[in-house]
$ cat model.pdb   # PDB, C-alpha atoms (C1' of nucleotides)
ATOM      1  CA  MET A 188      36.687   8.815  14.448
ATOM      2  CA  THR A 189      34.144   6.607  12.683
ATOM      3  CA  LEU A 190      30.570   7.623  11.951
ATOM      4  CA  SER A 191      28.120   5.024  10.675
ATOM      5  CA  VAL A 192      24.628   6.097   9.654
ATOM      6  CA  THR A 193      21.759   3.736   8.823
ATOM      7  CA  THR A 194      18.514   4.636   7.052
ATOM      8  CA  TRP A 195      15.560   2.236   7.222
ATOM      9  CA  ASN A 196      11.899   2.609   6.319
ATOM     10  CA  ILE A 197      10.538   0.465   9.151
ATOM     11  CA  ASN A 198       6.801   0.521   8.267
ATOM     12  CA  SER A 199       5.648   0.767  11.916
ATOM     13  CA  VAL A 200       8.266   1.093  14.642
ATOM     14  CA  ARG A 201       5.948  -0.390  17.279
ATOM     15  CA  LEU A 202       5.113  -3.514  15.300
ATOM     16  CA  ARG A 203       8.786  -4.077  14.432
ATOM     17  CA  ILE A 204      10.484  -2.850  17.605
ATOM     18  CA  GLY A 205      12.016  -6.323  18.063
ATOM     19  CA  LEU A 206      13.589  -6.244  14.599
ATOM     20  CA  VAL A 207      14.936  -2.725  15.139
ATOM     21  CA  THR A 208      16.560  -3.481  18.489
ATOM     22  CA  GLN A 209      18.027  -6.725  17.141
ATOM     23  CA  PHE A 210      19.498  -4.775  14.224
ATOM     24  CA  LEU A 211      21.039  -2.215  16.597
ATOM     25  CA  LYS A 212      22.517  -4.926  18.836
ATOM     26  CA  ASP A 213      24.000  -6.822  15.874
ATOM     27  CA  TYR A 214      25.197  -3.942  13.673
ATOM     28  CA  ALA A 215      25.567  -1.056  16.141
ATOM     29  CA  PRO A 216      25.472   1.964  13.807
ATOM     30  CA  ASP A 217      26.143   5.296  15.516
ATOM     31  CA  VAL A 218      22.919   6.764  14.143
ATOM     32  CA  LEU A 219      19.708   5.110  12.927
ATOM     33  CA  CYS A 220      17.245   7.147  10.854
ATOM     34  CA  LEU A 221      13.780   5.621  10.569
ATOM     35  CA  GLN A 222      10.874   6.493   8.277
ATOM     36  CA  GLU A 223       7.236   5.440   8.396
ATOM     37  CA  THR A 224       7.323   5.039  12.161
ATOM     38  CA  LYS A 225       3.500   5.400  12.145
ATOM     39  CA  CYS A 226       3.679   6.385  15.797
ATOM     40  CA  PRO A 227       2.525   9.466  17.736
ATOM     41  CA  ASP A 228       5.421  10.960  19.741
ATOM     42  CA  ALA A 229       3.780  10.142  23.083
ATOM     43  CA  GLN A 230       3.730   6.445  22.177
ATOM     44  CA  PHE A 231       7.248   6.158  20.728
ATOM     45  CA  PRO A 232       9.124   3.252  22.391
ATOM     46  CA  LEU A 233      11.949   5.433  23.780
ATOM     47  CA  GLY A 234      12.758   2.995  26.594
ATOM     48  CA  GLU A 235      13.502   0.126  24.233
ATOM     49  CA  PHE A 236      16.253   2.199  22.618
ATOM     50  CA  ARG A 237      17.595   3.740  25.826
ATOM     51  CA  LYS A 238      18.199   0.381  27.437
ATOM     52  CA  ILE A 239      20.390  -0.848  24.563
ATOM     53  CA  GLY A 240      22.645   2.181  24.409
ATOM     54  CA  TYR A 241      20.744   4.619  22.208
ATOM     55  CA  PRO A 242      19.640   7.368  24.604
ATOM     56  CA  HIS A 243      19.592  10.283  22.152
ATOM     57  CA  ILE A 244      16.357  10.301  20.160
ATOM     58  CA  ALA A 245      14.594  12.905  18.026
ATOM     59  CA  ILE A 246      11.078  12.067  16.861
ATOM     60  CA  LYS A 247       8.440  13.634  14.640
ATOM     61  CA  GLY A 248       5.460  11.333  14.424
ATOM     62  CA  GLN A 249       1.706  11.249  14.092
ATOM     63  CA  LYS A 250      -1.068   8.704  14.212
ATOM     64  CA  GLY A 251      -1.303   6.175  11.404
ATOM     65  CA  TYR A 252       0.916   7.506   8.635
ATOM     66  CA  ASN A 253       4.429   8.744   7.912
ATOM     67  CA  GLY A 254       6.673   9.732  10.821
ATOM     68  CA  VAL A 255      10.476  10.009  11.113
ATOM     69  CA  ALA A 256      12.963   9.426  13.923
ATOM     70  CA  ILE A 257      16.706   9.808  14.562
ATOM     71  CA  ILE A 258      18.109   7.386  17.154
ATOM     72  CA  SER A 259      21.713   7.947  18.229
ATOM     73  CA  ARG A 260      24.418   6.579  20.497
ATOM     74  CA  LYS A 261      26.101   9.988  20.402
ATOM     75  CA  PRO A 262      24.600  13.223  21.679
ATOM     76  CA  PHE A 263      23.127  15.796  19.351
ATOM     77  CA  GLU A 264      21.740  19.301  19.492
ATOM     78  CA  ASN A 265      19.517  21.515  17.368
ATOM     79  CA  SER A 266      16.867  18.932  16.603
ATOM     80  CA  HIS A 267      14.702  20.546  13.954
ATOM     81  CA  ALA A 268      11.740  19.472  11.835
ATOM     82  CA  ILE A 269      10.542  21.152   8.641
ATOM     83  CA  ASP A 270       6.949  20.995   7.407
ATOM     84  CA  TYR A 271       7.289  20.559   3.641
ATOM     85  CA  CYS A 272       4.448  21.837   1.442
ATOM     86  CA  ALA A 273       3.083  23.525   4.597
ATOM     87  CA  LYS A 274       1.694  20.158   5.712
ATOM     88  CA  PRO A 275       2.375  18.967   9.274
ATOM     89  CA  ASP A 276       2.836  15.402   8.042
ATOM     90  CA  CYS A 277       6.109  14.395   9.718
ATOM     91  CA  ARG A 278       8.389  13.831   6.737
ATOM     92  CA  HIS A 279      11.587  15.545   7.900
ATOM     93  CA  ILE A 280      13.721  15.841  11.013
ATOM     94  CA  SER A 281      17.355  16.863  11.478
ATOM     95  CA  VAL A 282      19.946  16.913  14.255
ATOM     96  CA  ARG A 283      23.505  18.177  14.660
ATOM     97  CA  LEU A 284      25.868  15.609  16.169
ATOM     98  CA  SER A 285      27.780  17.584  18.780
ATOM     99  CA  ALA A 286      31.098  15.690  18.815
ATOM    100  CA  TYR A 287      31.305  15.431  15.022
ATOM    101  CA  GLY A 288      29.917  18.815  14.077
ATOM    102  CA  ILE A 289      27.899  16.989  11.426
ATOM    103  CA  THR A 290      24.235  17.648  10.663
ATOM    104  CA  ILE A 291      21.999  14.763   9.590
ATOM    105  CA  HIS A 292      18.718  15.276   7.737
ATOM    106  CA  ASN A 293      16.196  12.435   7.610
ATOM    107  CA  TYR A 294      13.483  12.535   4.894
ATOM    108  CA  TYR A 295      10.398  10.586   3.960
ATOM    109  CA  VAL A 296       9.432  11.811   0.483
ATOM    110  CA  PRO A 297       5.784  11.212  -0.559
ATOM    111  CA  ALA A 298       5.302   8.008  -2.531
ATOM    112  CA  GLY A 299       3.239   9.729  -5.200
ATOM    113  CA  GLY A 300       0.400   7.306  -5.886
ATOM    114  CA  GLU A 301      -0.131   5.295  -9.058
ATOM    115  CA  ILE A 302      -0.490   7.758 -11.940
ATOM    116  CA  ALA A 303       2.553   9.803 -12.955
ATOM    117  CA  ASP A 304       0.567  12.907 -13.888
ATOM    118  CA  PRO A 305       0.142  15.838 -11.468
ATOM    119  CA  GLU A 306      -3.050  16.909 -13.298
ATOM    120  CA  LEU A 307      -4.728  13.569 -12.668
ATOM    121  CA  ASN A 308      -3.167  12.567  -9.363
ATOM    122  CA  VAL A 309      -2.912  14.891  -6.357
ATOM    123  CA  LYS A 310      -0.450  12.525  -4.668
ATOM    124  CA  PHE A 311       1.951  12.862  -7.589
ATOM    125  CA  ALA A 312       1.467  16.643  -7.525
ATOM    126  CA  HIS A 313       2.334  16.578  -3.798
ATOM    127  CA  LYS A 314       5.475  14.543  -4.508
ATOM    128  CA  LEU A 315       6.618  17.031  -7.167
ATOM    129  CA  ALA A 316       5.889  20.010  -4.884
ATOM    130  CA  PHE A 317       7.821  18.352  -2.051
ATOM    131  CA  LEU A 318      10.787  17.750  -4.361
ATOM    132  CA  ALA A 319      10.629  21.332  -5.638
ATOM    133  CA  GLN A 320      10.937  22.594  -2.060
ATOM    134  CA  MET A 321      13.830  20.193  -1.414
ATOM    135  CA  GLN A 322      15.553  21.541  -4.504
ATOM    136  CA  GLN A 323      15.050  25.125  -3.378
ATOM    137  CA  ASN A 324      16.594  24.318   0.027
ATOM    138  CA  SER A 325      19.378  22.386  -1.652
ATOM    139  CA  VAL A 326      20.351  25.226  -3.959
ATOM    140  CA  GLU A 327      20.077  27.916  -1.265
ATOM    141  CA  GLY A 328      22.387  25.977   1.047
ATOM    142  CA  GLN A 329      24.850  24.883  -1.607
ATOM    143  CA  ALA A 330      27.546  27.526  -1.158
ATOM    144  CA  MET A 331      27.709  27.086   2.621
ATOM    145  CA  ARG A 332      27.146  23.340   2.744
ATOM    146  CA  ARG A 333      29.730  21.570   4.918
ATOM    147  CA  ALA A 334      29.588  18.503   7.123
ATOM    148  CA  GLU A 335      26.054  17.511   6.184
ATOM    149  CA  ILE A 336      24.510  14.123   5.555
ATOM    150  CA  MET A 337      21.033  13.614   4.183
ATOM    151  CA  VAL A 338      19.317  10.253   4.246
ATOM    152  CA  GLY A 339      15.929   8.777   3.781
ATOM    153  CA  ASP A 340      13.287   6.997   1.835
ATOM    154  CA  LEU A 341      13.293   9.352  -1.155
ATOM    155  CA  ASN A 342      10.866   7.099  -3.041
ATOM    156  CA  ILE A 343      12.820   7.555  -6.278
ATOM    157  CA  ALA A 344      15.254   5.153  -7.938
ATOM    158  CA  PRO A 345      17.299   7.674  -9.949
ATOM    159  CA  PHE A 346      19.614   5.549 -12.099
ATOM    160  CA  GLU A 347      19.070   2.844 -14.692
ATOM    161  CA  HIS A 348      20.474   0.128 -12.480
ATOM    162  CA  ASP A 349      18.581   1.283  -9.411
ATOM    163  CA  VAL A 350      15.639  -0.774 -10.726
ATOM    164  CA  TRP A 351      15.278  -4.327 -11.999
ATOM    165  CA  SER A 352      14.177  -3.140 -15.447
ATOM    166  CA  HIS A 353      14.787   0.430 -16.567
ATOM    167  CA  LYS A 354      12.565   0.074 -19.650
ATOM    168  CA  GLN A 355       9.663  -1.544 -17.833
ATOM    169  CA  LEU A 356       9.644   1.035 -15.042
ATOM    170  CA  LEU A 357       9.942   4.216 -17.113
ATOM    171  CA  ASP A 358       6.247   4.969 -16.607
ATOM    172  CA  VAL A 359       6.047   3.599 -13.064
ATOM    173  CA  VAL A 360       6.018   6.159 -10.254
ATOM    174  CA  SER A 361       9.483   6.144  -8.567
ATOM    175  CA  HIS A 362      11.404   5.802 -11.839
ATOM    176  CA  THR A 363       9.707   8.194 -14.300
ATOM    177  CA  PRO A 364      12.018  10.651 -16.110
ATOM    178  CA  ILE A 365      10.372  13.619 -14.377
ATOM    179  CA  GLU A 366      11.170  12.184 -10.931
ATOM    180  CA  THR A 367      14.667  10.916 -11.701
ATOM    181  CA  GLY A 368      15.462  14.238 -13.413
ATOM    182  CA  ILE A 369      14.394  16.249 -10.374
ATOM    183  CA  LEU A 370      16.231  14.015  -7.910
ATOM    184  CA  ASN A 371      19.413  14.221  -9.962
ATOM    185  CA  ALA A 372      18.984  18.002 -10.166
ATOM    186  CA  ILE A 373      18.588  18.224  -6.382
ATOM    187  CA  ARG A 374      21.753  16.191  -5.886
ATOM    188  CA  GLU A 375      23.808  18.109  -8.444
ATOM    189  CA  SER A 376      22.613  21.621  -7.661
ATOM    190  CA  GLY A 377      23.053  21.005  -3.937
ATOM    191  CA  ASN A 378      26.526  19.564  -4.499
ATOM    192  CA  TRP A 379      25.506  16.382  -2.697
ATOM    193  CA  HIS A 380      27.430  13.150  -3.289
ATOM    194  CA  ASP A 381      25.740   9.749  -3.498
ATOM    195  CA  GLY A 382      28.075   7.587  -1.410
ATOM    196  CA  VAL A 383      26.586   4.252  -2.465
ATOM    197  CA  ARG A 384      27.032   4.987  -6.165
ATOM    198  CA  MET A 385      30.574   6.297  -5.546
ATOM    199  CA  LEU A 386      31.457   2.950  -3.960
ATOM    200  CA  GLU A 387      29.277   0.803  -6.240
ATOM    201  CA  PRO A 388      29.073   2.500  -9.650
ATOM    202  CA  GLU A 389      26.646   1.566 -12.390
ATOM    203  CA  PRO A 390      25.946  -0.890 -13.990
ATOM    204  CA  THR A 391      25.866  -2.928 -10.775
ATOM    205  CA  LYS A 392      22.263  -3.356  -9.660
ATOM    206  CA  VAL A 393      21.589  -1.966  -6.180
ATOM    207  CA  TYR A 394      18.222  -2.300  -4.418
ATOM    208  CA  THR A 395      16.932  -1.409  -0.948
ATOM    209  CA  TRP A 396      13.240  -2.269  -1.441
ATOM    210  CA  TRP A 397      11.316  -5.323  -2.652
ATOM    211  CA  SER A 398       7.504  -5.325  -2.932
ATOM    212  CA  TYR A 399       5.359  -7.231  -0.461
ATOM    213  CA  ARG A 400       3.262  -8.370  -3.390
ATOM    214  CA  ALA A 401       5.757 -10.678  -5.035
ATOM    215  CA  ALA A 402       5.019 -14.326  -4.372
ATOM    216  CA  ASP A 403       8.752 -14.879  -3.841
ATOM    217  CA  TRP A 404      10.613 -11.557  -3.529
ATOM    218  CA  ALA A 405      14.082 -13.160  -3.579
ATOM    219  CA  ALA A 406      13.405 -15.380  -6.596
ATOM    220  CA  SER A 407      11.861 -12.611  -8.708
ATOM    221  CA  ASN A 408      14.312 -10.010  -7.288
ATOM    222  CA  LYS A 409      12.353  -7.107  -8.742
ATOM    223  CA  GLY A 410      13.801  -4.482  -6.435
ATOM    224  CA  ARG A 411      14.391  -0.756  -6.489
ATOM    225  CA  ARG A 412      16.918   1.568  -4.803
ATOM    226  CA  LEU A 413      14.516   3.965  -3.070
ATOM    227  CA  ASP A 414      16.588   4.650   0.055
ATOM    228  CA  HIS A 415      19.591   6.937  -0.092
ATOM    229  CA  ILE A 416      22.439   8.439   1.923
ATOM    230  CA  TRP A 417      24.065  11.558   0.492
ATOM    231  CA  HIS A 418      26.787  13.766   1.958
ATOM    232  CA  SER A 419      28.174  17.236   1.333
ATOM    233  CA  ALA A 420      31.231  17.258  -0.941
ATOM    234  CA  ASP A 421      33.678  17.972   1.897
ATOM    235  CA  LEU A 422      32.849  14.566   3.442
ATOM    236  CA  SER A 423      33.743  12.554   0.325
ATOM    237  CA  PRO A 424      37.368  11.970   1.444
ATOM    238  CA  ALA A 425      35.916  10.433   4.618
ATOM    239  CA  LEU A 426      33.615   7.991   2.788
ATOM    240  CA  LYS A 427      34.589   4.475   3.829
ATOM    241  CA  SER A 428      31.997   1.789   3.036
ATOM    242  CA  TYR A 429      28.348   0.954   2.601
ATOM    243  CA  HIS A 430      26.225  -2.043   3.542
ATOM    244  CA  ILE A 431      22.733  -3.114   2.473
ATOM    245  CA  LEU A 432      21.329  -5.726   4.855
ATOM    246  CA  LYS A 433      19.398  -7.656   2.219
ATOM    247  CA  GLU A 434      18.784 -10.560   4.589
ATOM    248  CA  ALA A 435      16.527  -8.296   6.683
ATOM    249  CA  ARG A 436      13.920  -8.693   3.929
ATOM    250  CA  SER A 437      13.659 -12.364   4.977
ATOM    251  CA  TRP A 438      13.194 -11.695   8.687
ATOM    252  CA  GLU A 439       9.876 -12.615  10.275
ATOM    253  CA  ARG A 440       7.223  -9.965   9.510
ATOM    254  CA  PRO A 441       9.762  -7.745   7.689
ATOM    255  CA  SER A 442       9.552  -4.225   6.384
ATOM    256  CA  ASP A 443       9.555  -4.069   2.588
ATOM    257  CA  HIS A 444      12.685  -1.856   2.884
ATOM    258  CA  VAL A 445      16.018  -3.087   4.293
ATOM    259  CA  PRO A 446      18.606  -1.119   6.320
ATOM    260  CA  LEU A 447      21.192   0.847   4.305
ATOM    261  CA  THR A 448      24.328   1.901   6.208
ATOM    262  CA  VAL A 449      27.153   4.218   5.135
ATOM    263  CA  THR A 450      30.330   4.564   7.207
ATOM    264  CA  TYR A 451      32.630   7.615   7.260
ATOM    265  CA  ASP A 452      36.093   8.047   8.759
ATOM    266  CA  VAL A 453      35.869  11.615   9.993
TER     267      VAL A 453
ATOM    268  C1'  DA B  62       0.049  -7.629 -15.032
ATOM    269  C1'  DT B  63       6.019  -6.615 -11.496
ATOM    270  C1'  DG B  64       2.365  -7.953  -7.807
ATOM    271  C1'  DA B  65      -2.205  -8.467  -4.926
ATOM    272  C1'  DC B  66       0.473  -8.229   0.464
ATOM    273  C1'  DG B  67       0.659  -5.665   4.778
ATOM    274  C1'  DG B  68       0.027  -1.756   8.303
ATOM    275  C1'  DA B  69      -3.122   1.423  10.985
ATOM    276  C1'  DT B  70      -7.515   2.673  12.071
ATOM    277  C1'  DC B  71     -13.468   4.687  15.119
ATOM    278  C1'  DT B  72     -12.293  -4.044  14.331
ATOM    279  C1'  DA B  73     -14.610  -3.525   9.337
ATOM    280  C1'  DA B  74     -13.586  -1.994   5.361
ATOM    281  C1'  DT B  75     -10.917   1.586   3.876
ATOM    282  C1'  DC B  76      -6.932   4.305   3.099
ATOM    283  C1'  DC B  77      -2.177   4.010   2.067
ATOM    284  C1'  DG B  78       2.251   2.182   0.452
ATOM    285  C1'  DA B  79       5.435   2.234  -4.633
TER     286       DA B  79
END
$ encode --input "model.pdb" --output "structure tokens"
Amino acid sequence: MTLSVTTWNINSVRLRIGLVTQFLKDYAPDVLCLQETKCPDAQFPLGEFRKIGYPHIAIKGQKGYNGVAIISRKPFENSHAIDYCAKPDCRHISVRLSAYGITIHNYYVPAGGEIADPELNVKFAHKLAFLAQMQQNSVEGQAMRRAEIMVGDLNIAPFEHDVWSHKQLLDVVSHTPIETGILNAIRESGNWHDGVRMLEPEPTKVYTWWSYRAADWAASNKGRRLDHIWHSADLSPALKSYHILKEARSWERPSDHVPLTVTYDV
DNA sequence: ATGACGGATCTAATCCGA
């Protein structure tokens, strides 16, 4: 049985509903995890997904900012959302896929603002606190962790070749040593495996995000790998392939992130 | 300057993204 999971920071699900449904029709992943839906639950476009074969939907959204969703062709149970840092800001939701017995966690980690110093920047302090709680959960669950996938916009590019210039981004939030160190510690202590880097090891450059601010994003190609799909160690034998839909960055009115899909043979 | 664009909101200017 195949399981394909896509993660995509959509930067407003209502504005880009046409792009999302076109993606689902063309690429048909089993599960789509969205971040930055920017949509209160009551206004989520459930019908648009139901009519193209995605009837199973878990949402955690609010007005204006953040928001996550899991949209599935296959049924799930135990939909669950965690408030990290005791803030009800819609940055996590999980489901358990009934037929697979696999749990999927979908995260939107805080961006962290401009200044990489928690003393000077409360947004960076929030990011570090969020990551600390993720690490605590990761370690606590490590011994029992089976059949789990975690995806999302983690807002950190952990490896040298996850950014266009390691040296030039060392003091830029998303690639500072404190952030990359914590993300690597979360992955290692939780015994998570990074499927994309197993299939595409360093030093190949891999990006999932290109800034809106570049005059020509494709020509400058100053990207970062901010979006990730990890799995528990027991799923590594099932890891099949990954796909980054870079061309989605050129679609009309695009998100600044593109869809990342990992496929398992389970 | 990496790079000033793009989304949502109490439709104007402000917050936020990374």
$ residues_around --input "model.pdb" --residues "Val255 in chain A" --least-positions-apart "6" --cutoff "7 Å" --atoms "only C-alpha atoms (C1' of nucleotides)" --output "CSV table (one decimal) with C-alpha atoms, in the frame of the given file"
chain,number,residue,atom,x,y,z
A,221,LEU,CA,13.8,5.6,10.6
A,222,GLN,CA,10.9,6.5,8.3
A,223,GLU,CA,7.2,5.4,8.4
A,224,THR,CA,7.3,5.0,12.2
A,246,ILE,CA,11.1,12.1,16.9
A,247,LYS,CA,8.4,13.6,14.6
A,248,GLY,CA,5.5,11.3,14.4
A,277,CYS,CA,6.1,14.4,9.7
A,278,ARG,CA,8.4,13.8,6.7
A,279,HIS,CA,11.6,15.5,7.9
A,280,ILE,CA,13.7,15.8,11.0
$ closest_atom_pairs --input "model.pdb" --of "chain B" --to "chain A" --cutoff "7 Å" --atoms "all atoms listed in the file" --output "CSV"
residue,atom,partner,partner_atom,distance
B:DT63,C1',A:Lys409,CA,6.9
B:DG64,C1',A:Arg400,CA,4.5
B:DA65,C1',A:Arg400,CA,5.7
B:DC66,C1',A:Arg400,CA,4.8
B:DA69,C1',A:Gly251,CA,5.1
B:DA79,C1',A:Ala298,CA,6.1
$ residues_around --input "model.pdb" --residues "Ala372 in chain A" --least-positions-apart "3" --cutoff "12 Å" --atoms "all atoms listed in the file" --output "number ranges by chain"
A: 318-319, 321-323, 325-326, 345, 364-369, 375-380
$ atom_distance --input "model.pdb" --atom1 "CA of Asp381 in chain A" --atom2 "CA of Val200 in chain A"
26.6 Å
$ resolve_selection --input "model.pdb" --expression "the PyMOL selection byres ((chain A and resi 420-422) around 7)" --output "list in words"
Arg333, Ala334, Asn378, Trp379, His380, His418, Ser419, Ser423, Pro424, Ala425 and Leu426 of chain A
$ write_last_selection --input "model.pdb" --atoms "C-alpha atoms" --output "mmCIF file, keeping the file's coordinate frame"
data_model
loop_
_atom_site.group_PDB
_atom_site.id
_atom_site.type_symbol
_atom_site.label_atom_id
_atom_site.label_comp_id
_atom_site.auth_asym_id
_atom_site.auth_seq_id
_atom_site.Cartn_x
_atom_site.Cartn_y
_atom_site.Cartn_z
ATOM 1 C CA ARG A 333 29.730 21.570 4.918
ATOM 2 C CA ALA A 334 29.588 18.503 7.123
ATOM 3 C CA ASN A 378 26.526 19.564 -4.499
ATOM 4 C CA TRP A 379 25.506 16.382 -2.697
ATOM 5 C CA HIS A 380 27.430 13.150 -3.289
ATOM 6 C CA HIS A 418 26.787 13.766 1.958
ATOM 7 C CA SER A 419 28.174 17.236 1.333
ATOM 8 C CA SER A 423 33.743 12.554 0.325
ATOM 9 C CA PRO A 424 37.368 11.970 1.444
ATOM 10 C CA ALA A 425 35.916 10.433 4.618
ATOM 11 C CA LEU A 426 33.615 7.991 2.788
#
$ residues_near_point --input "model.pdb" --point "(23.5, 21.2, 8.9)" --cutoff "8 Å" --atoms "only C-alpha atoms (C1' of nucleotides)" --output "list of chain:residue names"
A:Ser281, A:Val282, A:Arg283, A:Ile289, A:Thr290, A:Ile291, A:His292, A:Arg332, A:Arg333, A:Ala334, A:Glu335, A:Ile336
$ write_last_selection --input "model.pdb" --atoms "C-alpha atoms" --output "compact mmCIF listing (two decimals), in the coordinates of the input"
# COMPACT_ATOMS: atom_id res chain seq x y z
CA SER A 281 17.36 16.86 11.48
CA VAL A 282 19.95 16.91 14.26
CA ARG A 283 23.50 18.18 14.66
CA ILE A 289 27.90 16.99 11.43
CA THR A 290 24.24 17.65 10.66
CA ILE A 291 22.00 14.76 9.59
CA HIS A 292 18.72 15.28 7.74
CA ARG A 332 27.15 23.34 2.74
CA ARG A 333 29.73 21.57 4.92
CA ALA A 334 29.59 18.50 7.12
CA GLU A 335 26.05 17.51 6.18
CA ILE A 336 24.51 14.12 5.56
$ decode --input "model.pdb" --residues "chain B" --atoms "N, CA and C atoms (P, O5', C5', C4', C3', O3' and C1' of nucleotides)" --output "compact mmCIF listing (two decimals), in the first residue's frame"
# COMPACT_ATOMS: atom_id res chain seq x y z
P DA B 62 25.88 45.83 -1.63
O5' DA B 62 24.27 45.64 -1.79
C5' DA B 62 23.70 44.41 -1.61
C4' DA B 62 23.52 44.09 -0.14
C3' DA B 62 22.55 42.92 0.09
O3' DA B 62 22.95 42.27 1.29
C1' DA B 62 21.77 44.79 1.22
P DT B 63 23.58 40.78 1.42
O5' DT B 63 22.55 39.90 0.57
C5' DT B 63 22.92 39.18 -0.60
C4' DT B 63 21.66 38.75 -1.31
C3' DT B 63 20.71 39.91 -1.60
O3' DT B 63 20.10 39.69 -2.85
C1' DT B 63 19.61 38.30 -0.32
P DG B 64 19.81 40.92 -3.80
O5' DG B 64 18.39 41.45 -3.39
C5' DG B 64 17.24 40.69 -3.72
C4' DG B 64 16.01 41.41 -3.27
C3' DG B 64 16.27 42.81 -2.68
O3' DG B 64 15.15 43.62 -2.93
C1' DG B 64 15.34 41.45 -1.05
P DA B 65 14.74 43.96 -4.47
O5' DA B 65 13.46 44.88 -4.53
C5' DA B 65 13.15 45.66 -3.43
C4' DA B 65 11.84 45.10 -2.88
C3' DA B 65 10.81 46.18 -2.63
O3' DA B 65 9.55 45.55 -2.64
C1' DA B 65 11.55 45.31 -0.59
P DC B 66 8.56 45.94 -3.89
O5' DC B 66 7.79 44.57 -4.10
C5' DC B 66 8.45 43.47 -4.73
C4' DC B 66 7.79 42.20 -4.26
C3' DC B 66 6.26 42.26 -4.33
O3' DC B 66 5.80 41.01 -4.82
C1' DC B 66 6.92 41.77 -2.13
P DG B 67 4.34 40.78 -5.34
O5' DG B 67 3.55 40.09 -4.15
C5' DG B 67 4.00 38.90 -3.54
C4' DG B 67 3.12 38.61 -2.35
C3' DG B 67 1.67 39.06 -2.51
O3' DG B 67 0.85 38.01 -2.06
C1' DG B 67 2.53 39.93 -0.54
P DG B 68 -0.69 37.94 -2.38
O5' DG B 68 -1.32 37.76 -0.93
C5' DG B 68 -1.14 36.53 -0.22
C4' DG B 68 -1.58 36.78 1.21
C3' DG B 68 -2.98 37.37 1.32
O3' DG B 68 -3.83 36.40 1.93
C1' DG B 68 -1.42 38.52 2.71
P DA B 69 -5.35 36.75 2.17
O5' DA B 69 -5.33 37.46 3.60
C5' DA B 69 -4.95 36.70 4.74
C4' DA B 69 -5.24 37.52 5.99
C3' DA B 69 -6.65 38.08 6.05
O3' DA B 69 -7.19 37.86 7.34
C1' DA B 69 -5.06 39.84 6.21
P DT B 70 -8.70 38.18 7.65
O5' DT B 70 -8.63 39.66 8.27
C5' DT B 70 -7.89 39.85 9.46
C4' DT B 70 -7.70 41.32 9.72
C3' DT B 70 -9.00 42.13 9.70
O3' DT B 70 -9.24 42.65 10.99
C1' DT B 70 -7.24 43.26 8.57
P DC B 71 -10.65 42.89 11.55
O5' DC B 71 -11.10 44.15 10.71
C5' DC B 71 -12.45 44.45 10.37
C4' DC B 71 -12.53 45.96 10.20
C3' DC B 71 -11.24 46.58 9.67
O3' DC B 71 -11.59 47.66 8.81
C1' DC B 71 -11.77 47.49 11.80
P DT B 72 -11.19 47.65 7.46
O5' DT B 72 -11.62 49.23 7.37
C5' DT B 72 -11.94 49.82 6.21
C4' DT B 72 -10.78 50.27 5.39
C3' DT B 72 -11.33 51.22 4.36
O3' DT B 72 -10.90 52.54 4.74
C1' DT B 72 -9.85 49.55 3.41
P DA B 73 -10.63 53.76 4.41
O5' DA B 73 -9.08 53.66 4.79
C5' DA B 73 -8.25 54.75 4.93
C4' DA B 73 -6.92 54.41 5.61
C3' DA B 73 -5.71 54.72 4.72
O3' DA B 73 -4.90 55.59 5.47
C1' DA B 73 -5.61 52.42 5.48
P DA B 74 -3.51 55.97 5.41
O5' DA B 74 -2.79 54.87 6.34
C5' DA B 74 -3.15 54.78 7.73
C4' DA B 74 -2.30 53.67 8.32
C3' DA B 74 -0.84 53.77 7.98
O3' DA B 74 -0.04 53.59 9.08
C1' DA B 74 -1.67 51.68 7.27
P DT B 75 0.74 53.46 10.01
O5' DT B 75 0.34 51.89 10.20
C5' DT B 75 -0.45 51.51 11.32
C4' DT B 75 -0.34 50.01 11.50
C3' DT B 75 1.09 49.48 11.71
O3' DT B 75 1.11 48.65 12.86
C1' DT B 75 0.02 48.27 10.03
P DC B 76 2.47 48.30 13.57
O5' DC B 76 2.38 46.71 13.65
C5' DC B 76 1.19 46.09 14.16
C4' DC B 76 1.04 44.73 13.53
C3' DC B 76 2.30 43.84 13.64
O3' DC B 76 1.98 42.67 14.35
C1' DC B 76 1.41 43.80 11.45
P DC B 77 3.10 41.69 14.85
O5' DC B 77 3.40 40.74 13.61
C5' DC B 77 2.46 39.71 13.28
C4' DC B 77 2.83 39.15 11.93
C3' DC B 77 4.24 38.56 11.84
O3' DC B 77 4.15 37.16 11.98
C1' DC B 77 3.53 39.71 9.85
P DG B 78 5.50 36.30 12.11
O5' DG B 78 5.77 35.88 10.59
C5' DG B 78 4.80 35.13 9.88
C4' DG B 78 5.16 35.10 8.42
C3' DG B 78 6.54 34.51 8.12
O3' DG B 78 6.41 33.58 7.08
C1' DG B 78 6.30 36.56 7.03
P DA B 79 7.18 32.16 7.28
O5' DA B 79 8.72 32.58 7.16
C5' DA B 79 9.40 32.29 5.97
C4' DA B 79 10.86 32.67 6.09
C3' DA B 79 11.54 32.27 7.41
O3' DA B 79 12.77 31.61 7.12
C1' DA B 79 11.95 34.54 6.95
